[in-house]
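Enquirer: Quick one: the structure is below, and I'll ask about it shortly.
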2 protein chains.
Amino acid sequence: MATLKQVAAHAEVSVQTVSNALNAPHRLRPDTLERVNRSIELLNYRPNRNARSLRTSAVELIGYCVPNWPNQTHLVMDQFLHALCAAAERTGRHILLFTAPPGVDGMPVYDDLHARRLVDGFVLSQTETHDPRHGWLKEQKIPFISFGRVWKETTQPGPWVDVDGAAGSAMAVRHLHDAGRRRIAFLSWPKSSGLAEDRLGGWRKACKELGLPTSGLSVRCREDSIAEGARATAELLDADPFLDGIVALSDILALGALRELGHRGLTPGVDVGVTGFDDSPLADVVSPGLTSLRQPMDDIAAELISILTDPDGPPDASTERLLHPELVIRGSSAPG
Amino acid sequence: MATLKQVAAHAEVSVQTVSNALNAPHRLRPDTLERVNRSIELLNYRPNRNARSLRTSAVELIGYCVPNWPNQTHLVMDQFLHALCAAAERTGRHILLFTAPPGVDGMPVYDDLHARRLVDGFVLSQTETHDPRHGWLKEQKIPFISFGRVWKETTQPGPWVDVDGAAGSAMAVRHLHDAGRRRIAFLSWPKSSGLAEDRLGGWRKACKELGLPTSGLSVRCREDSIAEGARATAELLDADPFLDGIVALSDILALGALRELGHRGLTPGVDVGVTGFDDSPLADVVSPGLTSLRQPMDDIAAELISILTDPDGPPDASTERLLHPELVIRGSSAPG
């Protein structure tokens, strides 16, 4: 087994440079990094994880709590986790998955993982209104980055990366408007959801800018289910027979809209254009396919990892990144 | 910060016993374990992960490769990961998540994680027909356990835990038969899928035992989509107007069956009873709810972790556990 010294001698660099190549590759010039990596490969050098983590304080394992909400559907969870792992691995790090009780009851688990040096920081997701985790971690000076904003806070308690839901709804409205739709409704969630208010606001603003009506055209669904999406769509169609577009807050609600249209003999994409949110696997298995707003998972993951593992130190509480979703157009809004 | 010695003195046991409490708690008598844990807590002792893993060869981190199949839906992925983490944590271990190219191209990643001692073993899932990973890991003497059998092998190349798909289909057939159904069809996948053949076989066997017809009552869907489930259901109903039950290989295919029944003015659960597989979040968001076979995730995870971390050594290649699914009954098969 080759040693660090032998690798350094072979690559004609210092031991510190080899260590940097392993732990902080961004500090090296690309040609130096390539030379060191070639020597590591040729000599079949395997850095020992235990020896390494005693020497450096760099983040090596990043904690992510796997959510367990029995009444929620995580239809893009595997996409997010894959992107997060791949982004961490590009920096030589890995994701440690763990479970914890929801809310503040779970904080001792985060504290213990960090105190035992099993992880050096956390990625949070599934943020909730008044989520207590961010403020708690900030107080304990434990590095973290949040995918998703904490709604209903005057100031954001920590760094975050999120997708611009308002911009997404506005994209969907403009897409339906371009296709000739003039009465575009919005299927929303209860008022307590900051995410729902954000997306609803984007629909309202875009409609106003385009001179489209909004009055009586938004319905709050009681839960994220196909049945509720269908019920709300029925309510809208009963009140307004000229309705020709529906922007739904989620793919699940959009599926409900598609079902209700079918029941009434209306063809999605022809009679009424429909869009969803998240571009979940469901969007592609229905017929016609569901036009939906895709969250840019690879970009989200890259931002999360880059901010959390910044070599200049733990992320500043004021760090914010708002990414744009992408509209994936299918037959539900544009018959082909 | 308390030391191991201080904990041992406080609990009036040897240092080895404290070490066992941390690394092999099953070796201790429950009352001893409780006394040591109380001392650990009172003295606020925090075992250092690095020091610990140099001392013991026990599995501490278990690797799990997060799948990335763009054309597959992992509707119960978050349930599986949560159960797996919780089971590992009950033994003091954690799950390290990683990415790897599919098939044999991914094996260097497994090898590297193990050689660098980042993980001490692997949990495999999403097994495929002729999956190369099991044989490769076995040859390298790297401990692993598979969730799912490798189909099309004369002997199983390693230990596995799986759910009895044939028994599940048979449960669904008997449930529909009890509700008075007499012409029960099966929606399947292409012949290349071992999982599909297993579930199809269970349907055929149960029908024969109950004296029910099977001829012309199974259809192979080209892919796992709602559209294909609907098309296959249309084909069945066109050929057999007396069809009164459908056992679908997946929840997605079952949703297609529900849609086609709706299109024809037939009521699921009243005119035709329908069942799915996996009890995914979808089963609960459609109306009527979809009767479906639930995989016992907590039991599966507990078996996987218990076999992989057996204190008597790495799992024997002949270890096999076949668990029964549970039929979750909703309106699609039993109107309420």
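By convention here, the chains of the structure tokens are called A, B, ... in the order presented, each chain's residues are numbered starting at 1, and ligands are numbered starting at 1 in the order presented.
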Determine, counting only C-alpha atoms, which protein, DNA and RNA residues have an atom within 9 Å of an atom of region 129-137 of chain A; residues of the same chain fewer than 3 positions away are not included. Present the result as a PyMOL selection string.
Expert: chain A and resi 103-104+106-107+110-111+124+140-146+149-153+156-159+192-195
Enquirer: Can you pull out every residue from region 1-201 of chain A that DSSP, working from the backbone, puts in strand (DSSP E), and format the result as a ChimeraX atom specification?
Expert: /A:61-65,94-98,121-124,144-147,160-163,184-188
Enquirer: Report as number ranges by chain the set of chain B residues whose atoms approach chain A to within 7 Å, with distances computed over only C-alpha atoms.
Expert: B: 46-50, 66, 68, 73, 75, 77-78, 82, 85-86, 94-99, 116-118, 225-227, 281, 285-287
Enquirer: Which one is closest to Asp162 (chain B): B:Val272, B:Val328, B:Leu304, B:Ala254? Count only C-alpha atoms.
Expert: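 Residue with the minimum atom-to-atom distance to Asp162 (chain B): B:Leu304.
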Enquirer: Please identify all polymer residues within 8 Å of region 318-327 of chain B, counting only C-alpha atoms, omitting same-chain residues fewer than 5 positions from it, and present them as number ranges by chain.
Expert: B: 156, 158-165, 167-168, 171-172, 291-296, 300, 303
Enquirer: Record the distance separating CA of Leu187 (chain A) and CA of Arg264 (chain A), expressed in Å with one decimal.
Expert: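 Going from CA of Leu187 (chain A) over to CA of Arg264 (chain A) covers 18.2 Å.
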Enquirer: Can you pull out every residue within 6 Å of Trp189 (chain B), counting only C-alpha atoms, but drop anything in the same chain fewer than 2 positions away, and send it as a ChimeraX atom specification?
Expert: /B:196,220-221
Enquirer: At what distance in Å, to one decimal, does CA of Val7 (chain B) lie from CA of Glu41 (chain B)?
Expert: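 About the pair CA of Glu41 (chain B) and CA of Val7 (chain B): they are 9.4 Å apart.
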Enquirer: Please, which residues of region 135-259 of chain A, numbered as in this document, come out helix (DSSP H, G or I) from DSSP, as number ranges by chain?
Expert: A: 135-139, 165-178, 194-209, 226-239, 251-259
Enquirer: Skipping near chain neighbours, those fewer than 6 positions away, what residues fall within 8 Å of Ser250 (chain A) using only C-alpha atoms, listed as a list in words?
Expert: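 Here the answer would be Asp224, Gly276, Phe277 and Asp278 of chain A.
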Enquirer: Would you mind listing what lies within 8 Å of Val15 (chain A) as an MDAnalysis selection string, with only C-alpha atoms counted and same-chain residues fewer than 5 positions away left out?
Expert: chainID A and resid 4:5 8
Enquirer: Keeping all heavy atoms, export the residues of the selection given above as a PDB file, in the first residue's frame.
Expert:
```
ATOM      1  N   LEU A   4       1.184   8.483   1.594  1.00  0.00           N
ATOM      2  CA  LEU A   4       0.994   9.854   1.131  1.00  0.00           C
ATOM      3  C   LEU A   4       2.334  10.414   0.629  1.00  0.00           C
ATOM      4  O   LEU A   4       2.406  11.075  -0.408  1.00  0.00           O
ATOM      5  CB  LEU A   4       0.480  10.691   2.316  1.00  0.00           C
ATOM      6  CG  LEU A   4      -0.297  11.962   2.027  1.00  0.00           C
ATOM      7  CD1 LEU A   4      -1.638  11.634   1.389  1.00  0.00           C
ATOM      8  CD2 LEU A   4      -0.531  12.733   3.323  1.00  0.00           C
ATOM      9  N   LYS A   5       3.415  10.091   1.374  1.00  0.00           N
ATOM     10  CA  LYS A   5       4.756  10.572   1.013  1.00  0.00           C
ATOM     11  C   LYS A   5       5.189  10.064  -0.352  1.00  0.00           C
ATOM     12  O   LYS A   5       5.783  10.782  -1.147  1.00  0.00           O
ATOM     13  CB  LYS A   5       5.770  10.084   2.070  1.00  0.00           C
ATOM     14  CG  LYS A   5       6.056  11.095   3.153  1.00  0.00           C
ATOM     15  CD  LYS A   5       7.229  10.621   4.003  1.00  0.00           C
ATOM     16  CE  LYS A   5       7.593  11.651   5.059  1.00  0.00           C
ATOM     17  NZ  LYS A   5       8.578  11.126   6.014  1.00  0.00           N
ATOM     18  N   ALA A   8       3.420  11.907  -3.017  1.00  0.00           N
ATOM     19  CA  ALA A   8       3.983  13.250  -3.158  1.00  0.00           C
ATOM     20  C   ALA A   8       5.287  13.210  -3.952  1.00  0.00           C
ATOM     21  O   ALA A   8       5.508  14.027  -4.861  1.00  0.00           O
ATOM     22  CB  ALA A   8       4.215  13.864  -1.780  1.00  0.00           C
TER      23      ALA A   8
END
```
Enquirer: Take CA of Ala166 (chain B) and CA of Asp198 (chain B) and report the distance between them in Å, one decimal.
Expert: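 Result for CA of Ala166 (chain B) versus CA of Asp198 (chain B): 5.3 Å, one decimal.
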